[in-house]
Every structure is written in structure tokens, then in C-alpha cells.
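> Before I ask anything, let me first share the structure, which is written out below as C-alpha cells.
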Amino acid sequence: MWTARTGLLGLMALVAGCGPSRATPAAPAPKEQASADSNASARQAIEVRIDNRNFSDMNVYLINEGTRVLLGSAPGMSKTTLTLPSGSVSSRWQVRLVADPIGGSSAIRTPTLLVAPGQNVYWTIGSDLSSSYASAG
């Protein structure tokens, strides 16, 4: 019986020692003050407004430094608004998009568009892909 009590006390001490600590959390680091211009441009998201006049649903990608970044899907015969991820537009404000028909073989690309802060991209995907056009404004 004495051995059982000693073993039980030892087990309780081990469990208590392995419990969570009650250390106080570290104070949060101070935030850096950014200029008003960078805050304003960061808040203004660039929207891509797509008028898909094609019957095919399209996956829409941003070409960012040679890499395709999925923005979302534009259903056929409908209008869709997608938003570019923050920080995805280079300092030169150049945007290039690709629409890839789901289940299709030929993708359509926009020319390189210069999009200034506060502007949006407007892209009409025609029923015939050669009749598609894009602009920034």
C-alpha cells in the first residue's frame, strides 16, 4: 500500500510539472509608421471586372513575374468582379491576365495593362476569343 501511495504521488507530481506554464506573454512589437501614400494605395484594391460573353466558364489568372496566380472563376455568359491580391502588382503597375476555358484548350491573354492606383481593369471576353478586349481606367 505504501508503494502505491508513493507511486501515485510521484505520478501527480509529474503531471503537475508537465502542465502549461503561466508565463506572461511578451508585449507586442510596435507597429512601424508608414507614409500616407503607401497606406492609401494599399487600401485601394484593384478590381478586375470581367464580362464573359463566351459560353465557357473561365479560370482567370494574373501573370506575376512569370507565375500564374489564380484570381478566380468567371462563369460563362455572366459578369464577374475579381480582386487582385495585395502586393501582386509590381512597382511599374503592370498587369497581365490570362483566361483559361475550363475543359478547353486555348487560353486568351490580355496585353500588358498599365494600371495606376485607384484604377480598375475591365475585360470583355467575347463569344469568339479573338473579339476580346481589355482596358484599365
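Following the order of the C-alpha cells, first chain is A, next is B, and so on, with residues numbered from 1 inside each chain and ligands from 1 in the order they appear.
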Residues at most 8 Å from region 53-55 of chain A, counting only C-alpha atoms, excluding those fewer than 4 positions away in the same chain, as a ChimeraX atom specification?
/A:76-78,124-129
> Would you save the residues from that selection as a short mmCIF file (atom, residue, chain, number, x, y, z; two decimals), in the first residue's frame, using C-alpha atoms?

```
data_model
loop_
_atom_site.label_atom_id
_atom_site.label_comp_id
_atom_site.auth_asym_id
_atom_site.auth_seq_id
_atom_site.Cartn_x
_atom_site.Cartn_y
_atom_site.Cartn_z
CA GLY A 76 -19.93 31.77 -68.96
CA MET A 77 -22.44 34.40 -70.13
CA SER A 78 -22.14 36.47 -66.94
CA THR A 124 -14.65 41.65 -72.08
CA ILE A 125 -14.21 38.06 -73.21
CA GLY A 126 -16.06 37.69 -76.49
CA SER A 127 -18.01 34.72 -77.78
CA ASP A 128 -15.19 34.42 -80.29
CA LEU A 129 -11.97 34.72 -78.30
#
```
> In region 59-131 of chain A, what's strand (DSSP E or B) per DSSP? Answer as a PyMOL selection string?
chain A and resi 59-64+67-74+78-83+94-95+97-101+108-109+113-114+121-125
> Write out as a PyMOL selection string each polymer residue whose atoms come within 12 Å of Thr112 (chain A), counting only C-alpha atoms; drop sequence neighbours fewer than 3 positions from it.
chain A and resi 62-64+89+92-98+109+115+121+133-136
> Please dump the current selection as a PDB file, in the first residue's frame; keep N, CA, C and O atoms.

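Here's the written file out.pdb:
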```pdb
ATOM      1  N   LEU A  62      -3.601  35.880 -62.909  1.00  0.00           N
ATOM      2  CA  LEU A  62      -2.710  37.027 -63.026  1.00  0.00           C
ATOM      3  C   LEU A  62      -1.327  36.484 -63.334  1.00  0.00           C
ATOM      4  O   LEU A  62      -0.875  35.542 -62.677  1.00  0.00           O
ATOM      5  N   ILE A  63      -0.669  37.051 -64.341  1.00  0.00           N
ATOM      6  CA  ILE A  63       0.712  36.672 -64.629  1.00  0.00           C
ATOM      7  C   ILE A  63       1.591  37.589 -63.789  1.00  0.00           C
ATOM      8  O   ILE A  63       1.652  38.794 -64.035  1.00  0.00           O
ATOM      9  N   ASN A  64       2.224  37.029 -62.763  1.00  0.00           N
ATOM     10  CA  ASN A  64       3.040  37.808 -61.837  1.00  0.00           C
ATOM     11  C   ASN A  64       4.464  37.287 -61.888  1.00  0.00           C
ATOM     12  O   ASN A  64       4.759  36.222 -61.352  1.00  0.00           O
ATOM     13  N   VAL A  89       0.869  43.489 -57.707  1.00  0.00           N
ATOM     14  CA  VAL A  89       1.191  44.364 -58.829  1.00  0.00           C
ATOM     15  C   VAL A  89       2.565  44.960 -58.579  1.00  0.00           C
ATOM     16  O   VAL A  89       2.851  45.464 -57.494  1.00  0.00           O
ATOM     17  N   ARG A  92       5.864  48.945 -61.202  1.00  0.00           N
ATOM     18  CA  ARG A  92       5.610  49.581 -62.508  1.00  0.00           C
ATOM     19  C   ARG A  92       4.127  49.569 -62.856  1.00  0.00           C
ATOM     20  O   ARG A  92       3.732  50.045 -63.892  1.00  0.00           O
ATOM     21  N   TRP A  93       3.293  48.988 -61.979  1.00  0.00           N
ATOM     22  CA  TRP A  93       1.839  48.951 -62.138  1.00  0.00           C
ATOM     23  C   TRP A  93       1.414  48.262 -63.422  1.00  0.00           C
ATOM     24  O   TRP A  93       0.471  48.671 -64.068  1.00  0.00           O
ATOM     25  N   GLN A  94       2.134  47.207 -63.795  1.00  0.00           N
ATOM     26  CA  GLN A  94       1.785  46.449 -64.996  1.00  0.00           C
ATOM     27  C   GLN A  94       0.982  45.210 -64.618  1.00  0.00           C
ATOM     28  O   GLN A  94       1.348  44.484 -63.696  1.00  0.00           O
ATOM     29  N   VAL A  95      -0.097  44.990 -65.355  1.00  0.00           N
ATOM     30  CA  VAL A  95      -0.977  43.855 -65.097  1.00  0.00           C
ATOM     31  C   VAL A  95      -1.170  43.095 -66.401  1.00  0.00           C
ATOM     32  O   VAL A  95      -1.424  43.697 -67.447  1.00  0.00           O
ATOM     33  N   ARG A  96      -1.043  41.784 -66.327  1.00  0.00           N
ATOM     34  CA  ARG A  96      -1.327  40.920 -67.470  1.00  0.00           C
ATOM     35  C   ARG A  96      -2.144  39.747 -66.965  1.00  0.00           C
ATOM     36  O   ARG A  96      -1.797  39.117 -65.970  1.00  0.00           O
ATOM     37  N   LEU A  97      -3.260  39.466 -67.652  1.00  0.00           N
ATOM     38  CA  LEU A  97      -4.193  38.426 -67.224  1.00  0.00           C
ATOM     39  C   LEU A  97      -4.321  37.339 -68.278  1.00  0.00           C
ATOM     40  O   LEU A  97      -4.105  37.590 -69.465  1.00  0.00           O
ATOM     41  N   VAL A  98      -4.722  36.156 -67.816  1.00  0.00           N
ATOM     42  CA  VAL A  98      -4.979  35.017 -68.700  1.00  0.00           C
ATOM     43  C   VAL A  98      -6.315  34.404 -68.289  1.00  0.00           C
ATOM     44  O   VAL A  98      -6.573  34.218 -67.104  1.00  0.00           O
ATOM     45  N   ARG A 109      -5.176  35.896 -73.538  1.00  0.00           N
ATOM     46  CA  ARG A 109      -4.353  36.768 -72.716  1.00  0.00           C
ATOM     47  C   ARG A 109      -4.677  38.227 -73.015  1.00  0.00           C
ATOM     48  O   ARG A 109      -5.002  38.568 -74.138  1.00  0.00           O
ATOM     49  N   VAL A 115      -1.884  50.005 -64.917  1.00  0.00           N
ATOM     50  CA  VAL A 115      -2.993  50.303 -64.011  1.00  0.00           C
ATOM     51  C   VAL A 115      -2.456  51.191 -62.890  1.00  0.00           C
ATOM     52  O   VAL A 115      -1.685  50.744 -62.049  1.00  0.00           O
ATOM     53  N   VAL A 121      -9.436  47.192 -63.780  1.00  0.00           N
ATOM     54  CA  VAL A 121      -9.249  46.542 -65.077  1.00  0.00           C
ATOM     55  C   VAL A 121     -10.618  46.089 -65.565  1.00  0.00           C
ATOM     56  O   VAL A 121     -11.396  45.512 -64.804  1.00  0.00           O
ATOM     57  N   TYR A 133     -11.372  42.104 -75.538  1.00  0.00           N
ATOM     58  CA  TYR A 133     -10.564  43.303 -75.331  1.00  0.00           C
ATOM     59  C   TYR A 133     -10.509  43.637 -73.849  1.00  0.00           C
ATOM     60  O   TYR A 133     -11.374  43.247 -73.070  1.00  0.00           O
ATOM     61  N   ALA A 134      -9.456  44.357 -73.474  1.00  0.00           N
ATOM     62  CA  ALA A 134      -9.248  44.733 -72.070  1.00  0.00           C
ATOM     63  C   ALA A 134      -8.743  46.164 -72.011  1.00  0.00           C
ATOM     64  O   ALA A 134      -8.085  46.650 -72.947  1.00  0.00           O
ATOM     65  N   SER A 135      -9.059  46.849 -70.893  1.00  0.00           N
ATOM     66  CA  SER A 135      -8.578  48.214 -70.684  1.00  0.00           C
ATOM     67  C   SER A 135      -8.471  48.473 -69.187  1.00  0.00           C
ATOM     68  O   SER A 135      -9.002  47.735 -68.365  1.00  0.00           O
ATOM     69  N   ALA A 136      -7.781  49.546 -68.852  1.00  0.00           N
ATOM     70  CA  ALA A 136      -7.657  49.990 -67.462  1.00  0.00           C
ATOM     71  C   ALA A 136      -8.222  51.393 -67.366  1.00  0.00           C
ATOM     72  O   ALA A 136      -8.077  52.204 -68.273  1.00  0.00           O
TER      73      ALA A 136
END
```
> Let me make sure I understand: among A:Ala116, A:Ala99, A:Ala45, A:Ile108, which one has the smallest atom-to-atom distance to Leu71 (chain A) if we use only C-alpha atoms?
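So, comparing all the options, the nearest one is A:Ala99.
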